[in-house]
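With PDB, C-alpha atoms, pLDDT in the B column inside, this is model-v9.pdb:
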```pdb
ATOM      1  CA  MET A 298      61.288 196.083  -4.472  1.00 43.00           C
ATOM      2  CA  ALA A 299      59.983 197.069  -7.901  1.00 51.00           C
ATOM      3  CA  GLN A 300      59.351 200.757  -8.425  1.00 61.00           C
ATOM      4  CA  ARG A 301      55.848 201.609  -7.245  1.00 63.00           C
ATOM      5  CA  ARG A 302      53.410 203.082  -9.724  1.00 82.00           C
ATOM      6  CA  PHE A 303      51.129 204.840  -7.242  1.00 81.00           C
ATOM      7  CA  GLU A 304      50.941 208.596  -7.319  1.00 84.00           C
ATOM      8  CA  ASP A 305      52.313 210.207  -4.150  1.00 86.00           C
ATOM      9  CA  LYS A 306      48.868 211.032  -2.742  1.00 89.00           C
ATOM     10  CA  ASP A 307      47.667 207.423  -3.271  1.00 87.00           C
ATOM     11  CA  TYR A 308      50.833 206.057  -1.706  1.00 88.00           C
ATOM     12  CA  GLU A 309      50.433 208.351   1.312  1.00 90.00           C
ATOM     13  CA  SER A 310      46.801 207.240   1.685  1.00 87.00           C
ATOM     14  CA  LEU A 311      47.821 203.544   1.643  1.00 85.00           C
ATOM     15  CA  LYS A 312      50.661 204.242   4.063  1.00 88.00           C
ATOM     16  CA  SER A 313      48.297 206.055   6.411  1.00 88.00           C
ATOM     17  CA  LYS A 314      45.782 203.166   6.387  1.00 83.00           C
ATOM     18  CA  PHE A 315      48.564 200.666   6.936  1.00 86.00           C
ATOM     19  CA  ASN A 316      50.100 202.625   9.822  1.00 88.00           C
ATOM     20  CA  LYS A 317      46.709 203.138  11.455  1.00 86.00           C
ATOM     21  CA  THR A 318      46.048 199.392  11.323  1.00 84.00           C
ATOM     22  CA  ALA A 319      49.594 198.419  12.323  1.00 85.00           C
ATOM     23  CA  SER A 320      49.969 200.901  15.157  1.00 71.00           C
ATOM     24  CA  PRO A 321      52.038 200.722  17.285  1.00 82.00           C
ATOM     25  CA  LYS A 322      53.886 197.956  15.390  1.00 82.00           C
ATOM     26  CA  ALA A 323      55.562 198.374  12.017  1.00 87.00           C
ATOM     27  CA  TYR A 324      53.697 195.406  10.537  1.00 90.00           C
ATOM     28  CA  ILE A 325      50.230 193.912  10.343  1.00 89.00           C
ATOM     29  CA  GLU A 326      49.142 190.361  11.046  1.00 90.00           C
ATOM     30  CA  LEU A 327      46.546 188.228   9.292  1.00 87.00           C
ATOM     31  CA  ASP A 328      43.578 189.343  11.441  1.00 84.00           C
ATOM     32  CA  GLN A 329      44.446 192.972  10.822  1.00 84.00           C
ATOM     33  CA  PHE A 330      44.777 192.303   7.083  1.00 81.00           C
ATOM     34  CA  ARG A 331      41.326 190.699   7.132  1.00 78.00           C
ATOM     35  CA  SER A 332      39.951 193.947   8.583  1.00 75.00           C
ATOM     36  CA  ILE A 333      41.571 195.907   5.741  1.00 71.00           C
ATOM     37  CA  MET A 334      39.952 193.502   3.262  1.00 68.00           C
ATOM     38  CA  GLY A 335      36.661 194.233   5.032  1.00 62.00           C
ATOM     39  CA  LEU A 336      37.149 197.919   4.258  1.00 51.00           C
ATOM     40  CA  LEU A 337      37.462 196.918   0.603  1.00 54.00           C
ATOM     41  CA  GLY A 338      34.075 195.172   0.795  1.00 53.00           C
ATOM     42  CA  LEU A 339      35.568 191.693   1.143  1.00 53.00           C
ATOM     43  CA  ARG A 340      34.902 190.974   4.826  1.00 48.00           C
ATOM     44  CA  SER A 341      33.398 187.541   4.042  1.00 51.00           C
ATOM     45  CA  ALA A 342      36.406 186.532   1.951  1.00 63.00           C
ATOM     46  CA  SER A 343      38.573 185.110   4.741  1.00 73.00           C
ATOM     47  CA  PHE A 344      40.001 182.464   2.381  1.00 77.00           C
ATOM     48  CA  LEU A 345      40.999 185.144  -0.111  1.00 77.00           C
ATOM     49  CA  ALA A 346      42.455 187.380   2.605  1.00 80.00           C
ATOM     50  CA  GLU A 347      44.477 184.466   4.003  1.00 83.00           C
ATOM     51  CA  ARG A 348      45.773 183.439   0.567  1.00 83.00           C
ATOM     52  CA  ILE A 349      46.747 187.010  -0.353  1.00 83.00           C
ATOM     53  CA  PHE A 350      48.445 187.447   3.026  1.00 86.00           C
ATOM     54  CA  LYS A 351      50.444 184.224   2.638  1.00 85.00           C
ATOM     55  CA  ALA A 352      51.424 185.118  -0.924  1.00 83.00           C
ATOM     56  CA  ILE A 353      52.781 188.453   0.325  1.00 83.00           C
ATOM     57  CA  ASP A 354      54.436 187.160   3.506  1.00 82.00           C
ATOM     58  CA  LYS A 355      57.408 185.624   1.682  1.00 74.00           C
ATOM     59  CA  ASP A 356      59.430 184.800   4.787  1.00 77.00           C
ATOM     60  CA  GLY A 357      56.434 183.190   6.482  1.00 82.00           C
ATOM     61  CA  ASN A 358      56.852 185.132   9.728  1.00 86.00           C
ATOM     62  CA  GLY A 359      53.145 186.022   9.899  1.00 89.00           C
ATOM     63  CA  GLN A 360      53.890 189.716   9.476  1.00 90.00           C
ATOM     64  CA  MET A 361      53.272 192.006   6.524  1.00 90.00           C
ATOM     65  CA  GLU A 362      55.467 195.082   6.363  1.00 88.00           C
ATOM     66  CA  LEU A 363      54.494 198.321   4.622  1.00 88.00           C
ATOM     67  CA  ALA A 364      56.677 197.606   1.576  1.00 86.00           C
ATOM     68  CA  GLU A 365      54.988 194.211   1.075  1.00 86.00           C
ATOM     69  CA  PHE A 366      51.530 195.737   1.473  1.00 84.00           C
ATOM     70  CA  VAL A 367      52.234 198.526  -1.031  1.00 85.00           C
ATOM     71  CA  LEU A 368      53.748 196.047  -3.496  1.00 85.00           C
ATOM     72  CA  VAL A 369      50.667 193.824  -3.544  1.00 82.00           C
ATOM     73  CA  MET A 370      48.277 196.771  -3.739  1.00 83.00           C
ATOM     74  CA  ASP A 371      50.373 198.135  -6.604  1.00 87.00           C
ATOM     75  CA  ILE A 372      50.074 194.822  -8.473  1.00 86.00           C
ATOM     76  CA  LEU A 373      46.318 194.627  -7.862  1.00 82.00           C
ATOM     77  CA  VAL A 374      45.670 198.239  -8.880  1.00 84.00           C
ATOM     78  CA  ASN A 375      48.418 199.123 -11.365  1.00 86.00           C
ATOM     79  CA  GLY A 376      49.931 195.784 -12.351  1.00 87.00           C
ATOM     80  CA  THR A 377      50.261 194.434 -15.854  1.00 87.00           C
ATOM     81  CA  THR A 378      48.029 191.566 -16.898  1.00 86.00           C
ATOM     82  CA  GLN A 379      50.960 189.163 -16.490  1.00 88.00           C
ATOM     83  CA  GLU A 380      51.750 190.438 -12.973  1.00 89.00           C
ATOM     84  CA  LYS A 381      48.123 189.928 -11.961  1.00 87.00           C
ATOM     85  CA  HIS A 382      48.071 186.414 -13.437  1.00 87.00           C
ATOM     86  CA  GLU A 383      51.298 185.518 -11.629  1.00 90.00           C
ATOM     87  CA  PHE A 384      49.946 186.842  -8.360  1.00 88.00           C
ATOM     88  CA  GLY A 385      46.667 184.983  -8.955  1.00 86.00           C
ATOM     89  CA  PHE A 386      48.599 181.748  -9.393  1.00 89.00           C
ATOM     90  CA  LYS A 387      50.511 182.420  -6.156  1.00 88.00           C
ATOM     91  CA  ILE A 388      47.178 182.743  -4.341  1.00 85.00           C
ATOM     92  CA  LEU A 389      46.008 179.374  -5.697  1.00 86.00           C
ATOM     93  CA  ASP A 390      49.304 177.532  -5.151  1.00 89.00           C
ATOM     94  CA  LEU A 391      48.843 176.644  -1.486  1.00 84.00           C
ATOM     95  CA  ASP A 392      52.150 174.802  -1.038  1.00 86.00           C
ATOM     96  CA  GLY A 393      54.238 177.150  -3.202  1.00 86.00           C
ATOM     97  CA  ASN A 394      55.648 174.456  -5.508  1.00 93.00           C
ATOM     98  CA  ASN A 395      54.657 176.240  -8.771  1.00 93.00           C
ATOM     99  CA  GLU A 396      52.049 173.584  -9.576  1.00 95.00           C
ATOM    100  CA  LEU A 397      48.385 173.251  -8.746  1.00 94.00           C
ATOM    101  CA  SER A 398      47.255 169.884  -7.503  1.00 95.00           C
ATOM    102  CA  PHE A 399      43.641 168.887  -7.824  1.00 94.00           C
ATOM    103  CA  GLN A 400      43.181 169.487  -4.084  1.00 92.00           C
ATOM    104  CA  GLU A 401      44.564 173.033  -4.300  1.00 91.00           C
ATOM    105  CA  PHE A 402      42.332 173.753  -7.284  1.00 88.00           C
ATOM    106  CA  ALA A 403      39.241 172.267  -5.627  1.00 87.00           C
ATOM    107  CA  THR A 404      39.827 174.147  -2.355  1.00 86.00           C
ATOM    108  CA  ALA A 405      40.284 177.452  -4.170  1.00 83.00           C
ATOM    109  CA  LEU A 406      37.292 176.977  -6.468  1.00 79.00           C
ATOM    110  CA  GLN A 407      34.970 175.964  -3.647  1.00 79.00           C
ATOM    111  CA  ASN A 408      36.011 179.032  -1.658  1.00 78.00           C
ATOM    112  CA  ILE A 409      35.613 181.327  -4.666  1.00 75.00           C
ATOM    113  CA  MET A 410      32.148 179.909  -5.247  1.00 73.00           C
ATOM    114  CA  GLY A 411      31.352 180.488  -1.575  1.00 72.00           C
ATOM    115  CA  LEU A 412      32.486 184.094  -1.897  1.00 71.00           C
ATOM    116  CA  TRP A 413      30.361 184.472  -5.039  1.00 68.00           C
ATOM    117  CA  TYR A 414      27.383 183.140  -3.086  1.00 70.00           C
ATOM    118  CA  SER A 415      27.942 185.591  -0.237  1.00 68.00           C
ATOM    119  CA  MET A 416      28.144 188.488  -2.715  1.00 66.00           C
ATOM    120  CA  THR A 417      25.269 187.528  -5.023  1.00 69.00           C
ATOM    121  CA  GLY A 418      23.055 185.038  -3.195  1.00 69.00           C
ATOM    122  CA  THR A 419      23.557 182.559  -6.083  1.00 66.00           C
ATOM    123  CA  SER A 420      23.941 179.081  -4.633  1.00 65.00           C
ATOM    124  CA  ILE A 421      26.002 176.839  -6.900  1.00 63.00           C
ATOM    125  CA  LYS A 422      27.181 173.397  -5.883  1.00 64.00           C
ATOM    126  CA  CYS A 423      30.324 171.871  -7.356  1.00 67.00           C
ATOM    127  CA  ASP A 424      30.570 168.125  -6.754  1.00 71.00           C
ATOM    128  CA  GLU A 425      33.718 165.995  -7.085  1.00 78.00           C
ATOM    129  CA  GLU A 426      32.943 164.916 -10.655  1.00 77.00           C
ATOM    130  CA  ALA A 427      32.404 168.502 -11.769  1.00 76.00           C
ATOM    131  CA  LEU A 428      35.618 169.644 -10.066  1.00 81.00           C
ATOM    132  CA  GLN A 429      37.559 166.838 -11.782  1.00 84.00           C
ATOM    133  CA  TYR A 430      36.076 167.867 -15.131  1.00 80.00           C
ATOM    134  CA  LEU A 431      37.115 171.512 -14.643  1.00 79.00           C
ATOM    135  CA  PHE A 432      40.602 170.529 -13.472  1.00 86.00           C
ATOM    136  CA  ARG A 433      41.131 168.380 -16.578  1.00 86.00           C
ATOM    137  CA  LYS A 434      40.297 171.440 -18.701  1.00 81.00           C
ATOM    138  CA  LEU A 435      43.212 173.321 -17.113  1.00 85.00           C
ATOM    139  CA  ASP A 436      45.583 170.341 -16.992  1.00 90.00           C
ATOM    140  CA  VAL A 437      46.695 170.772 -20.617  1.00 87.00           C
ATOM    141  CA  GLN A 438      49.651 168.387 -20.164  1.00 91.00           C
ATOM    142  CA  GLN A 439      47.296 165.743 -18.697  1.00 92.00           C
ATOM    143  CA  VAL A 440      49.771 165.008 -15.875  1.00 94.00           C
ATOM    144  CA  GLY A 441      47.459 165.443 -12.901  1.00 94.00           C
ATOM    145  CA  ARG A 442      48.680 168.942 -12.037  1.00 94.00           C
ATOM    146  CA  VAL A 443      48.593 172.406 -13.567  1.00 93.00           C
ATOM    147  CA  ARG A 444      52.064 173.836 -13.964  1.00 93.00           C
ATOM    148  CA  LYS A 445      52.570 177.562 -13.485  1.00 94.00           C
ATOM    149  CA  ALA A 446      53.866 178.006 -17.046  1.00 92.00           C
ATOM    150  CA  ASP A 447      50.762 176.299 -18.468  1.00 89.00           C
ATOM    151  CA  TYR A 448      48.467 178.367 -16.251  1.00 88.00           C
ATOM    152  CA  LEU A 449      50.137 181.620 -17.356  1.00 89.00           C
ATOM    153  CA  THR A 450      49.960 180.573 -21.016  1.00 88.00           C
ATOM    154  CA  ILE A 451      46.262 179.822 -20.685  1.00 84.00           C
ATOM    155  CA  MET A 452      45.601 183.121 -18.932  1.00 82.00           C
ATOM    156  CA  GLU A 453      47.722 185.193 -21.347  1.00 81.00           C
ATOM    157  CA  ASP A 454      46.138 183.509 -24.347  1.00 77.00           C
ATOM    158  CA  GLY A 455      42.797 184.907 -23.283  1.00 65.00           C
ATOM    159  CA  SER A 456      40.948 181.817 -24.470  1.00 58.00           C
ATOM    160  CA  GLU A 457      38.159 180.881 -22.160  1.00 62.00           C
ATOM    161  CA  ILE A 458      38.904 177.287 -21.250  1.00 63.00           C
ATOM    162  CA  ILE A 459      36.429 177.551 -18.399  1.00 63.00           C
ATOM    163  CA  PRO A 460      33.506 179.924 -18.980  1.00 63.00           C
ATOM    164  CA  TRP A 461      33.587 181.408 -15.468  1.00 61.00           C
ATOM    165  CA  TYR A 462      30.334 183.360 -15.707  1.00 58.00           C
ATOM    166  CA  GLU A 463      28.376 180.255 -16.674  1.00 64.00           C
ATOM    167  CA  LEU A 464      30.186 178.210 -14.025  1.00 64.00           C
ATOM    168  CA  LEU A 465      29.415 180.639 -11.223  1.00 57.00           C
ATOM    169  CA  ASN A 466      25.810 181.205 -12.269  1.00 59.00           C
ATOM    170  CA  TYR A 467      24.733 177.767 -13.497  1.00 66.00           C
ATOM    171  CA  GLY A 468      27.223 175.305 -11.995  1.00 65.00           C
ATOM    172  CA  ALA A 469      29.738 172.833 -13.354  1.00 63.00           C
ATOM    173  CA  GLN A 470      27.204 170.179 -14.341  1.00 66.00           C
ATOM    174  CA  TYR A 471      25.697 172.732 -16.699  1.00 68.00           C
ATOM    175  CA  LEU A 472      29.083 173.068 -18.463  1.00 65.00           C
ATOM    176  CA  ILE A 473      29.487 169.303 -18.682  1.00 68.00           C
ATOM    177  CA  ASN A 474      26.031 169.017 -20.248  1.00 70.00           C
ATOM    178  CA  LEU A 475      26.873 171.741 -22.766  1.00 65.00           C
ATOM    179  CA  GLU A 476      30.036 169.943 -23.803  1.00 67.00           C
ATOM    180  CA  GLU A 477      28.188 166.658 -24.219  1.00 67.00           C
ATOM    181  CA  GLU A 478      25.507 168.359 -26.338  1.00 62.00           C
ATOM    182  CA  PRO A 479      27.425 170.847 -28.541  1.00 52.00           C
ATOM    183  CA  GLN A 480      24.383 171.665 -30.675  1.00 50.00           C
ATOM    184  CA  SER A 481      22.016 172.323 -27.766  1.00 48.00           C
ATOM    185  CA  PRO A 482      19.993 175.563 -28.076  1.00 47.00           C
ATOM    186  CA  LYS A 483      21.603 177.003 -24.924  1.00 48.00           C
ATOM    187  CA  ARG A 484      25.130 176.223 -26.227  1.00 45.00           C
ATOM    188  CA  LEU A 485      24.381 177.905 -29.564  1.00 43.00           C
ATOM    189  CA  GLN A 486      22.918 180.924 -27.755  1.00 50.00           C
ATOM    190  CA  LEU A 487      26.073 181.288 -25.622  1.00 47.00           C
ATOM    191  CA  GLN A 488      28.246 181.010 -28.745  1.00 48.00           C
ATOM    192  CA  ARG A 489      26.215 183.743 -30.474  1.00 46.00           C
ATOM    193  CA  GLN A 490      26.508 185.997 -27.403  1.00 48.00           C
ATOM    194  CA  LYS A 491      30.303 185.583 -27.363  1.00 47.00           C
ATOM    195  CA  THR A 492      30.515 186.349 -31.089  1.00 49.00           C
ATOM    196  CA  VAL A 493      28.544 189.570 -30.623  1.00 48.00           C
ATOM    197  CA  SER A 494      30.597 190.753 -27.591  1.00 47.00           C
TER     198      SER A 494
END
```

Taking this structure as input, can you express it in the form of structure tokens?
Amino acid sequence: MAQRRFEDKDYESLKSKFNKTASPKAYIELDQFRSIMGLLGLRSASFLAERIFKAIDKDGNGQMELAEFVLVMDILVNGTTQEKHEFGFKILDLDGNNELSFQEFATALQNIMGLWYSMTGTSIKCDEEALQYLFRKLDVQQVGRVRKADYLTIMEDGSEIIPWYELLNYGAQYLINLEEEPQSPKRLQLQRQKTVS
């Protein structure tokens, strides 16, 4: 295991929460992990909890040990940008083959949008055409899948291939319309806002 970056008091706090949840066993299962996510304010994010759990549970035995729990919390709290991007990809890659299929992407995006709705009350629909459009934006090789290396390059580059704020607040059709009308007043306003920030 990589050296943890938590201070001793933070590590002891995590260990205490883990042991309280795991008691009397030395591991926690998915339902218990969901309850921990609930303590973090993510009770409605069962998809996210399940994906994080599966990404951590490397041997697939349905059990998360303390070391695995601390490692993922360390990445989420103290990790480098690259570590967080790699872990994010692991959460999206449902079959673990280091590529995102359209189905994996669509499932993840629909669940993220559902989580966004539960947190904000914003109801955004993402139809098949819009999902295909967004997937093509990430599929830089145009091979029908997003390879991990391409995903990490996109994320590290910092360029906003998909403007997530606009997607989550206005929907995918809005982005398609903006691309089709590059000189629209709304498009120019968004460009000015990005230049100022």

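The two atoms in question, CA of Leu345 (chain A) and CA of Val440 (chain A), are spaced 27.0 Å apart.
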
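Summary of the local environment: counting only C-alpha atoms, residues at most 10 Å from region 368-377 of chain A, other than itself and those fewer than 3 positions away along its chain, are Met298, Ala299, Gln300, Arg301, Arg302, Phe303, Tyr308, Leu311, Ile349, Phe350, Ala352, Ile353, Leu363, Ala364, Glu365, Glu380, Lys381, His382, Glu383, Phe384 and Gly385 of chain A.
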
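What separates CA of Arg433 (chain A) from CA of Gly393 (chain A) is a distance of 20.7 Å.
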
Give as a PyMOL selection string the residues that the PyMOL selection byres ((chain A and resi 405) around 12) matches when applied to the coordinates above.
chain A and resi 342-345+347-348+385-391+397-404+406-412+423+428+432

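CA of Asp392 (chain A) to CA of Met361 (chain A) spans 18.8 Å [interatomic distance, one decimal].
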
Fewer than 3 positions away in the same chain doesn't count, so skip those; otherwise give me all residues within 9 Å of Lys312 (chain A), counting all atoms listed in the file, as a PyMOL selection string.
chain A and resi 307-309+315-317+363+366-367

What residues come out when you apply the PyMOL selection byres ((chain A and resi 443-452) around 6) to this file, written as a PDB file with C-alpha atoms, in the coordinates of the input?
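Writing done, so here's out.pdb:
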```
ATOM      1  CA  ASN A 395      54.657 176.240  -8.771  1.00 93.00           C
ATOM      2  CA  GLU A 396      52.049 173.584  -9.576  1.00 95.00           C
ATOM      3  CA  LEU A 397      48.385 173.251  -8.746  1.00 94.00           C
ATOM      4  CA  ASP A 436      45.583 170.341 -16.992  1.00 90.00           C
ATOM      5  CA  ARG A 442      48.680 168.942 -12.037  1.00 94.00           C
ATOM      6  CA  GLU A 453      47.722 185.193 -21.347  1.00 81.00           C
ATOM      7  CA  ASP A 454      46.138 183.509 -24.347  1.00 77.00           C
ATOM      8  CA  GLY A 455      42.797 184.907 -23.283  1.00 65.00           C
TER       9      GLY A 455
END
```
